[in-house]
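A.B. asks: First the structure, which I've put down as structure tokens, then a few questions once you've had a look.
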Amino acid sequence: MMMMLSYLILVGLLALVVVVNGNVWPTRDAERAMHPVFSLTDGSRHKRAMPLINFDAYKTEENYAEYWETMAHQTLEQQLESKMRVNTQMAKNVMLFLGDGMSIPTITAGRVYLGGEEKQFSFEQFPYVGLSKTYCANMQVADSACTATAYLGGIKANYGTVGVSAAVHNKDCQAQADRSHHVASIAAWAQQQGMATGFVTTTSVTHASPAGVYAHIAHRNWENDAEIISDNGDPTICPDIAYQLIHGQVGQKLNVIMGGGRENFLPQITRDRSGAPGKRADGRNLIEEWQRQHTNSAHFVQTRSELLKLSNRTSRVLGLFAPYHMPYHLDSLEADAEQPTLEEMVQMAMNILERQSAGRGYFLFVEGGRIDHGHHDTLALRAIDETAEFDKSVKWARTHSSTEDTLIVVTADHSHTMSLAGYSSRKNDIFGINNGQLADDDLPYATLSYANGPGYASNYLREGGAVKRKNLRSINMKNKDFMFPSTVPLESETHGGDDVAVFASGPYSQLFTGVYEQHFIPHAMGYASCLSDKRNMCLDSGVTRRPK
């Protein structure tokens, strides 16, 4: 059976080319196979060169040219209005929003999730857009560690390292200890100028992305001292990430720290409020040490209600809402009403930072970190729902700040291998099957799929020694735990190496157009907010910044 199928495929491929004088030329049949014609009078779905299938326009007015011309003219007016006045005021406040793993296909699929292909996330309405090249100093496809060093520290670094130069290789404890290899983040630049600083994440606060704000580490997994010891390292020489957050030069000055990760701050003999044990081998309780460091106006919170009850006199907050990562939004709806949303954490963070800035401005880093985790498990529904939640926090921040003095940049650290493919009709369920075409095995295929990952095992079966795809009609693809199909079997889906989008709004947002290296981003933010040594002196709205 397999030999016959291989033969038929070979015959089909040979029909798509012709050999003339030793040269291989594509045929007209090849062109037709690449671009099937849909006509649709019978409403059925067909393979390859299709009999006519007819998908009606979503709205009747879309049948007429005037509809599309009017839309284009409206867009032109918006573009002209937003581009005619270039804002070169100093950015008193800077916010960087990171959708971890928020690839361009993730954004596209997310629009359909919001209600249709024509929908937009709030950040897509920002006036300036660019593309960022994400590779590490030593790797073609990046991870969240080296990228954090790029978009926060302004240099390319090695895979798996955070806040250190490419002179430090993975797990090199001695190189980490050499301060000449440390890279200062834009949060450090801001603190030098007296600005309030903080970060919010849906992952552990010691995870790779937020660690880029404050840590210098040779291995992203060294979130507590026990992890360093397990790699035969010495945490007294190369301190772990949690320790650096509490006692590091940048970490101890942060006004806002919110996310998950309690276990990395507690000793192994201690259990947190959920009953989860701590991970630290040194016996230290870093949460208590943080509380002793700061005044009575600094508060440690673990629940949504505690966070929302913070007084207006709060100067600092350490919010650790989960033993490790915070739950997915879809899970928190069912499991724990005491988990704050990302939007709520951003609201509280902005309120605290605005008060504590004393008019000198603030820097806030916000990560929607579980977009990435959904993709790694090929859980497309979770990943895209996390993207929608991430956008809510961006929308709140933009509508509650001034475009005159607050720069907001939205981007991703890297992409993923998820693609959106096939010839489905408008408004077709983005999490369902393609409704315009059957595959060559006469089975439907998913609109969303991954190049690799654990979805391979859940979408294929063996029959008589042959590997066959499962019939997706018999599977509930809307189950949030459904793993979408993967071509290559892997325990965890990989990142992608393609460029990611950068959206900007506010002072000097025009700097973020074009195609550029990812490590350019903090330098542009620093220039806009007078933290860069490229601007000698800045005086704007009563705020003076000294050169670094």
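By convention in this document, the chains of the structure tokens carry letters A, B, ... by their order, each chain's residues are numbered from 1, and ligands are numbered from 1 in the order they are shown.
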Could you give me, as a list in words, each residue of stretch 326-372 of chain A that DSSP assigns to strand (DSSP E) when run on this structure's backbone?
C.D. replies: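 Everything in stretch 326-372 of chain A that counts as strand (DSSP E) is Tyr362, Phe363, Leu364, Phe365, Val366, Glu367 and Gly368 of chain A.
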A.B. asks: Find the spatial neighbours of stretch 468-477 of chain A, counting only C-alpha atoms, within a cut-off of 8 Å - ignore same-chain residues fewer than 2 positions away - and output them as a PDB file with C-alpha atoms, in the first residue's frame.
C.D. replies:
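out_6.pdb was written with the following content:
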ATOM      1  CA  PHE A 431      -9.561  26.549  15.417  1.00  0.00           C
ATOM      2  CA  GLY A 432     -11.441  24.223  13.099  1.00  0.00           C
ATOM      3  CA  ILE A 433     -10.847  22.415   9.836  1.00  0.00           C
ATOM      4  CA  LEU A 443      -9.344  13.797   5.034  1.00  0.00           C
ATOM      5  CA  PRO A 444      -9.811  17.378   6.189  1.00  0.00           C
ATOM      6  CA  TYR A 445      -6.913  19.323   7.633  1.00  0.00           C
ATOM      7  CA  ALA A 446      -6.655  22.018  10.290  1.00  0.00           C
ATOM      8  CA  ASN A 459      -3.045  13.604  15.270  1.00  0.00           C
ATOM      9  CA  TYR A 460      -1.608  10.441  13.748  1.00  0.00           C
ATOM     10  CA  LEU A 461      -2.325   6.746  14.233  1.00  0.00           C
ATOM     11  CA  ARG A 462      -0.844   3.474  13.034  1.00  0.00           C
ATOM     12  CA  GLU A 463      -2.927   0.963  11.103  1.00  0.00           C
ATOM     13  CA  ALA A 466       1.112   2.417   8.094  1.00  0.00           C
ATOM     14  CA  ASN A 479     -11.109  21.778  23.499  1.00  0.00           C
ATOM     15  CA  LYS A 480      -8.482  24.076  25.018  1.00  0.00           C
ATOM     16  CA  PHE A 482      -6.358  19.898  21.888  1.00  0.00           C
ATOM     17  CA  PHE A 484      -2.888  21.027  16.888  1.00  0.00           C
TER      18      PHE A 484
END
A.B. asks: Report, in Å to a single decimal, how far apart atom CA of A:Gly153 and atom CA of A:Gly260 are.
C.D. replies: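 Computed distance, atom CA of A:Gly260 to atom CA of A:Gly153, equals 23.0 Å.
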A.B. asks: Using only C-alpha atoms, can you tell me which of A:Gly453, A:Gly506, A:Pro127, A:Gly359 comes closest to A:Pro489?
C.D. replies: A:Gly453
